[in-house]
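In what follows, a single structure is set out as structure tokens and then discussed.
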Amino acid sequence: MIPEPYKSIVNKRYELILKDEIDNEKLKNYFDKCFEDICSHYGLHACWICVNCMKSETLTYGWGEKPSPCPKCSQNATYSIATFQSWASKTGDMFEWAFYKLFREISELKIRSMPRQTKTHDFEITNKIAIEAKGSAEYIKNPDGTKYDLDIPGMKRSDTEKKAFSNGEKYKSLHPSNKFYIVTNAIPKGLTIKGRAVDGFFNVAKKKELDRLLEECIKYQGKTLDSF
Ligand SMILES: [Zn+2]
């Protein structure tokens, strides 16, 4: 079950963008639009305000990167509003559900979303494959149409990469013969699974890698559990 507001977003975006044809451009667009929608829903735009102006009951504020000094009072008292603290978690959740929706549309294999207490992975495909979703937005779109770039989306953020691989280690220590896959929308150059407890990572915003994931899942699928 996809929770709201994620469910309405993925249903709408899948229908509009991917329903008839899936290619690289459309896949990227699907994830990007889902990210834009979730940020818009929660008001998670990039914006700033001048606290000095606010003291004198003047509001000086804007979208995007904060100017310094303040264009009105010339004091260095402009601050970014801390929406960035929610960007990773909300767009991370959005990526999870966008991937889940996509997988269910294009594959016959059963995919199960894991309960919150499962910390190592987000989904299981049959009883043999665990999938950890690690995607996030590449930019934040503001209501004035400007884009605020986030330079380390998905697996490009080293903390995210470390977390994903350590989840793989935990999972594989309990289920050594099962597969552990990471799905994302951004992979840093040079990332390798060599010597690490992960069986593969896939940039599912690319058609070829999405197809490769499906092939692997078909190859290694186990028993479909009744509870799926
Ligand atoms: Zn000011």
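Identifiers for the structure tokens are assigned positionally: chains receive A, B, ... in sequence, residues are indexed from 1 per chain, and ligands are indexed from 1 in the order shown.
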
Practice problem: Can you pull out every residue within 12 Å of Thr160 of chain A, counting only C-alpha atoms, but drop anything in the same chain fewer than 3 positions away, and send it as an MDAnalysis selection string? | Solution: chainID A and resid 88:89 92 132:136 152:157 163:167 182 184 186:188

Keeping only C-alpha atoms, write those residues as a compact mmCIF listing (two decimals), in the first residue's frame.
```
# COMPACT_ATOMS: atom_id res chain seq x y z
CA ALA A 88 16.55 14.16 1.62
CA SER A 89 13.93 12.37 3.69
CA GLY A 92 13.96 9.68 -0.47
CA GLU A 132 17.24 -1.03 -0.75
CA ALA A 133 16.05 2.21 -2.41
CA LYS A 134 18.48 5.11 -2.15
CA GLY A 135 17.33 7.89 -4.43
CA SER A 136 16.75 11.60 -3.97
CA ILE A 152 24.87 15.12 -4.24
CA PRO A 153 21.67 13.21 -5.08
CA GLY A 154 21.14 9.47 -4.48
CA MET A 155 24.25 7.34 -4.03
CA LYS A 156 26.52 10.30 -4.80
CA ARG A 157 26.27 11.33 -1.17
CA LYS A 163 24.50 3.36 4.80
CA ALA A 164 23.39 1.33 1.80
CA PHE A 165 26.47 -0.89 1.87
CA SER A 166 26.31 -1.40 5.63
CA ASN A 167 22.65 -2.43 5.28
CA ILE A 182 20.46 -1.13 -4.34
CA THR A 184 18.95 4.69 -7.04
CA ALA A 186 22.35 8.74 -9.16
CA ILE A 187 25.58 6.70 -8.98
CA PRO A 188 29.01 8.23 -8.45
```

Quiz item: Excluding same-chain residues fewer than 2 positions from Asp37 of chain A, what lies within 10 Å of it counting only C-alpha atoms, as a PyMOL selection string?
Solution: chain A and resi 5-6+9-10+13+31-35+39-44+91+94+141

For those residues, write C-alpha atoms to a file as an mmCIF file, in the first residue's frame.
```cif
data_model
loop_
_atom_site.group_PDB
_atom_site.id
_atom_site.type_symbol
_atom_site.label_atom_id
_atom_site.label_comp_id
_atom_site.auth_asym_id
_atom_site.auth_seq_id
_atom_site.Cartn_x
_atom_site.Cartn_y
_atom_site.Cartn_z
ATOM 1 C CA PRO A 5 0.259 11.925 -0.768
ATOM 2 C CA TYR A 6 2.806 9.662 -2.490
ATOM 3 C CA ILE A 9 1.596 11.570 -7.142
ATOM 4 C CA VAL A 10 2.988 8.297 -8.529
ATOM 5 C CA ARG A 13 2.948 10.856 -12.982
ATOM 6 C CA PHE A 31 11.351 10.665 -11.029
ATOM 7 C CA ASP A 32 12.054 14.402 -11.370
ATOM 8 C CA LYS A 33 8.355 15.273 -11.536
ATOM 9 C CA CYS A 34 7.573 13.050 -8.544
ATOM 10 C CA PHE A 35 10.273 14.924 -6.580
ATOM 11 C CA CYS A 39 8.348 19.205 -2.483
ATOM 12 C CA SER A 40 5.519 21.366 -3.700
ATOM 13 C CA HIS A 41 3.048 19.427 -1.520
ATOM 14 C CA TYR A 42 5.071 20.054 1.644
ATOM 15 C CA GLY A 43 6.269 23.552 0.692
ATOM 16 C CA LEU A 44 9.845 22.297 0.547
ATOM 17 C CA THR A 91 12.421 12.967 -1.717
ATOM 18 C CA MET A 94 9.174 9.720 -2.854
ATOM 19 C CA LYS A 141 12.101 23.697 -8.113
#
```

Quick one: contact table of chain A to ligand 1, 7 Å max, nearest atom pair and distance in Å to one decimal per residue, counting only C-alpha atoms and all ligand atoms, chain and number order, as a Markdown table?
```
| residue | atom | partner | partner_atom_place_in_ligand_line | distance |
| --- | --- | --- | --- | --- |
| A:Cys50 | CA | ligand 1 | 1 (Zn) | 4.6 |
| A:Val51 | CA | ligand 1 | 1 (Zn) | 6.5 |
| A:Asn52 | CA | ligand 1 | 1 (Zn) | 5.0 |
| A:Cys53 | CA | ligand 1 | 1 (Zn) | 4.0 |
| A:Thr60 | CA | ligand 1 | 1 (Zn) | 5.9 |
| A:Cys70 | CA | ligand 1 | 1 (Zn) | 4.5 |
| A:Pro71 | CA | ligand 1 | 1 (Zn) | 6.6 |
| A:Lys72 | CA | ligand 1 | 1 (Zn) | 5.1 |
| A:Cys73 | CA | ligand 1 | 1 (Zn) | 4.1 |
| A:Ser74 | CA | ligand 1 | 1 (Zn) | 6.2 |
| A:Gln75 | CA | ligand 1 | 1 (Zn) | 5.9 |
| A:Ala77 | CA | ligand 1 | 1 (Zn) | 6.4 |
| A:Thr78 | CA | ligand 1 | 1 (Zn) | 6.7 |
```

Convert the current residue selection to file output with C-alpha atoms, as an mmCIF file, in the first residue's frame.
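Output below, filename out-v9.cif:
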```cif
data_model
loop_
_atom_site.group_PDB
_atom_site.id
_atom_site.type_symbol
_atom_site.label_atom_id
_atom_site.label_comp_id
_atom_site.auth_asym_id
_atom_site.auth_seq_id
_atom_site.Cartn_x
_atom_site.Cartn_y
_atom_site.Cartn_z
ATOM 1 C CA CYS A 50 16.357 38.657 6.535
ATOM 2 C CA VAL A 51 16.065 38.532 10.319
ATOM 3 C CA ASN A 52 17.347 42.099 10.741
ATOM 4 C CA CYS A 53 14.552 43.468 8.558
ATOM 5 C CA THR A 60 12.623 40.882 3.149
ATOM 6 C CA CYS A 70 20.494 41.792 2.693
ATOM 7 C CA PRO A 71 19.485 43.790 -0.411
ATOM 8 C CA LYS A 72 17.282 46.039 1.733
ATOM 9 C CA CYS A 73 19.133 46.742 5.032
ATOM 10 C CA SER A 74 22.657 45.728 3.889
ATOM 11 C CA GLN A 75 23.226 43.676 7.061
ATOM 12 C CA ALA A 77 21.445 38.827 8.561
ATOM 13 C CA THR A 78 19.898 36.757 5.809
#
```

Quiz prompt | Residues flagged alpha helix (DSSP H) by DSSP in segment 29-83 of chain A, as a list in words | solution = Asn29, Tyr30, Phe31, Asp32, Lys33, Cys34, Phe35, Glu36, Asp37, Ile38, Cys39, Ser40, His41, Tyr42, Val51, Asn52, Cys53, Met54 and Lys55 of chain A

Please produce a file of the residues just selected, as a PDB file, in the first residue's frame, where the atoms kept are N, CA and C atoms.
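This went into again-v4.pdb:
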```pdb
ATOM      1  N   ASN A  29      12.400  11.953 -16.267  1.00  0.00           N
ATOM      2  CA  ASN A  29      11.329  12.918 -16.091  1.00  0.00           C
ATOM      3  C   ASN A  29      10.310  12.462 -15.037  1.00  0.00           C
ATOM      4  N   TYR A  30       9.993  11.165 -15.043  1.00  0.00           N
ATOM      5  CA  TYR A  30       9.054  10.594 -14.066  1.00  0.00           C
ATOM      6  C   TYR A  30       9.551  10.814 -12.640  1.00  0.00           C
ATOM      7  N   PHE A  31      10.810  10.471 -12.382  1.00  0.00           N
ATOM      8  CA  PHE A  31      11.351  10.665 -11.029  1.00  0.00           C
ATOM      9  C   PHE A  31      11.445  12.155 -10.687  1.00  0.00           C
ATOM     10  N   ASP A  32      11.928  12.954 -11.631  1.00  0.00           N
ATOM     11  CA  ASP A  32      12.054  14.402 -11.370  1.00  0.00           C
ATOM     12  C   ASP A  32      10.709  15.036 -11.024  1.00  0.00           C
ATOM     13  N   LYS A  33       9.683  14.681 -11.784  1.00  0.00           N
ATOM     14  CA  LYS A  33       8.355  15.273 -11.536  1.00  0.00           C
ATOM     15  C   LYS A  33       7.779  14.797 -10.203  1.00  0.00           C
ATOM     16  N   CYS A  34       8.022  13.539  -9.860  1.00  0.00           N
ATOM     17  CA  CYS A  34       7.573  13.050  -8.544  1.00  0.00           C
ATOM     18  C   CYS A  34       8.246  13.864  -7.433  1.00  0.00           C
ATOM     19  N   PHE A  35       9.554  14.114  -7.576  1.00  0.00           N
ATOM     20  CA  PHE A  35      10.273  14.924  -6.580  1.00  0.00           C
ATOM     21  C   PHE A  35       9.693  16.338  -6.517  1.00  0.00           C
ATOM     22  N   GLU A  36       9.453  16.924  -7.674  1.00  0.00           N
ATOM     23  CA  GLU A  36       8.885  18.280  -7.695  1.00  0.00           C
ATOM     24  C   GLU A  36       7.534  18.310  -6.983  1.00  0.00           C
ATOM     25  N   ASP A  37       6.718  17.297  -7.257  1.00  0.00           N
ATOM     26  CA  ASP A  37       5.370  17.262  -6.672  1.00  0.00           C
ATOM     27  C   ASP A  37       5.407  17.124  -5.145  1.00  0.00           C
ATOM     28  N   ILE A  38       6.288  16.259  -4.647  1.00  0.00           N
ATOM     29  CA  ILE A  38       6.305  16.052  -3.197  1.00  0.00           C
ATOM     30  C   ILE A  38       6.836  17.308  -2.498  1.00  0.00           C
ATOM     31  N   CYS A  39       7.817  17.967  -3.083  1.00  0.00           N
ATOM     32  CA  CYS A  39       8.348  19.205  -2.483  1.00  0.00           C
ATOM     33  C   CYS A  39       7.291  20.297  -2.510  1.00  0.00           C
ATOM     34  N   SER A  40       6.574  20.367  -3.598  1.00  0.00           N
ATOM     35  CA  SER A  40       5.519  21.366  -3.700  1.00  0.00           C
ATOM     36  C   SER A  40       4.418  21.088  -2.660  1.00  0.00           C
ATOM     37  N   HIS A  41       4.080  19.813  -2.490  1.00  0.00           N
ATOM     38  CA  HIS A  41       3.048  19.427  -1.520  1.00  0.00           C
ATOM     39  C   HIS A  41       3.401  19.892  -0.101  1.00  0.00           C
ATOM     40  N   TYR A  42       4.656  19.701   0.285  1.00  0.00           N
ATOM     41  CA  TYR A  42       5.071  20.054   1.644  1.00  0.00           C
ATOM     42  C   TYR A  42       5.707  21.445   1.750  1.00  0.00           C
ATOM     43  N   VAL A  51      16.528  38.439   8.935  1.00  0.00           N
ATOM     44  CA  VAL A  51      16.065  38.532  10.319  1.00  0.00           C
ATOM     45  C   VAL A  51      16.187  39.978  10.833  1.00  0.00           C
ATOM     46  N   ASN A  52      17.192  40.697  10.342  1.00  0.00           N
ATOM     47  CA  ASN A  52      17.347  42.099  10.741  1.00  0.00           C
ATOM     48  C   ASN A  52      16.144  42.938  10.294  1.00  0.00           C
ATOM     49  N   CYS A  53      15.727  42.752   9.062  1.00  0.00           N
ATOM     50  CA  CYS A  53      14.552  43.468   8.558  1.00  0.00           C
ATOM     51  C   CYS A  53      13.308  43.075   9.357  1.00  0.00           C
ATOM     52  N   MET A  54      13.235  41.809   9.718  1.00  0.00           N
ATOM     53  CA  MET A  54      12.075  41.295  10.445  1.00  0.00           C
ATOM     54  C   MET A  54      11.932  41.984  11.804  1.00  0.00           C
ATOM     55  N   LYS A  55      13.076  42.316  12.427  1.00  0.00           N
ATOM     56  CA  LYS A  55      13.060  43.022  13.719  1.00  0.00           C
ATOM     57  C   LYS A  55      12.328  44.347  13.613  1.00  0.00           C
TER      58      LYS A  55
END
```

Contacts of segment 139-189 of chain A with segment 118-121 of chain A up to 8 Å, shortest pair per row, only C-alpha atoms, as a tab-separated table:
```
residue	atom	partner	partner_atom	distance
A:Asn167	CA	A:Thr120	CA	4.6
A:Gly168	CA	A:Thr120	CA	6.9
A:Lys170	CA	A:Thr120	CA	7.0
A:Tyr171	CA	A:Thr120	CA	6.3
```

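Proximity ranking of A:Gly200, A:Gly195, A:Gly62, A:Pro67 relative to Ala46 of chain A places A:Gly62 first, based on only C-alpha atoms.
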
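Here atom CA of Asp20 of chain A stands at a distance of 15.2 Å from atom CA of Ser107 of chain A.
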
Quiz item: For Asp93 of chain A, which residue out of A:Glu57, A:Pro3, A:Ile81, A:Ser158 is the nearest one, using only C-alpha atoms?
Solution: A:Pro3

Practice problem: Write out as a ChimeraX atom specification the residues lying within 10 Å of Lys26 of chain A, counting only C-alpha atoms and excluding same-chain residues fewer than 2 positions away. | Solution: /A:14,16-19,21-24,28-32,205-207

Output the selection as a tab-separated table (two decimals), in the first residue's frame - N, CA and C atoms for each residue.
```tsv
chain	number	residue	atom	x	y	z
A	14	TYR	N	2.87	8.44	-13.36
A	14	TYR	CA	3.04	7.25	-14.18
A	14	TYR	C	2.14	7.33	-15.40
A	16	LEU	N	0.79	9.96	-16.80
A	16	LEU	CA	1.14	11.06	-17.71
A	16	LEU	C	2.44	10.80	-18.47
A	17	ILE	N	3.40	10.15	-17.81
A	17	ILE	CA	4.75	10.11	-18.41
A	17	ILE	C	5.14	8.74	-18.94
A	18	LEU	N	4.84	7.67	-18.20
A	18	LEU	CA	5.43	6.38	-18.56
A	18	LEU	C	4.46	5.36	-19.17
A	19	LYS	N	3.19	5.67	-19.11
A	19	LYS	CA	2.18	4.67	-19.47
A	19	LYS	C	2.38	4.08	-20.87
A	21	GLU	N	5.14	4.54	-23.09
A	21	GLU	CA	6.48	4.16	-23.52
A	21	GLU	C	7.48	4.50	-22.42
A	22	ILE	N	8.48	3.63	-22.27
A	22	ILE	CA	9.50	3.88	-21.25
A	22	ILE	C	10.86	4.03	-21.93
A	23	ASP	N	11.44	5.21	-21.85
A	23	ASP	CA	12.81	5.40	-22.33
A	23	ASP	C	13.57	6.23	-21.29
A	24	ASN	N	14.85	6.45	-21.53
A	24	ASN	CA	15.68	7.16	-20.55
A	24	ASN	C	15.10	8.52	-20.16
A	28	LYS	N	13.68	9.53	-16.36
A	28	LYS	CA	14.26	10.61	-15.57
A	28	LYS	C	13.20	11.65	-15.25
A	29	ASN	N	12.40	11.95	-16.27
A	29	ASN	CA	11.33	12.92	-16.09
A	29	ASN	C	10.31	12.46	-15.04
A	30	TYR	N	9.99	11.16	-15.04
A	30	TYR	CA	9.05	10.59	-14.07
A	30	TYR	C	9.55	10.81	-12.64
A	31	PHE	N	10.81	10.47	-12.38
A	31	PHE	CA	11.35	10.67	-11.03
A	31	PHE	C	11.44	12.15	-10.69
A	32	ASP	N	11.93	12.95	-11.63
A	32	ASP	CA	12.05	14.40	-11.37
A	32	ASP	C	10.71	15.04	-11.02
A	205	ALA	N	16.64	5.07	-13.18
A	205	ALA	CA	16.20	6.16	-14.05
A	205	ALA	C	16.77	5.97	-15.45
A	206	LYS	N	17.46	4.84	-15.65
A	206	LYS	CA	17.98	4.50	-16.98
A	206	LYS	C	17.38	3.18	-17.43
A	207	LYS	N	16.84	3.16	-18.63
A	207	LYS	CA	16.12	1.99	-19.15
A	207	LYS	C	16.96	0.72	-19.12
```

Exercise. Using atom CA of Phe180 of chain A and atom CA of Ala197 of chain A as the two end points, give the distance in Å to one decimal.
Key: 7.9 Å
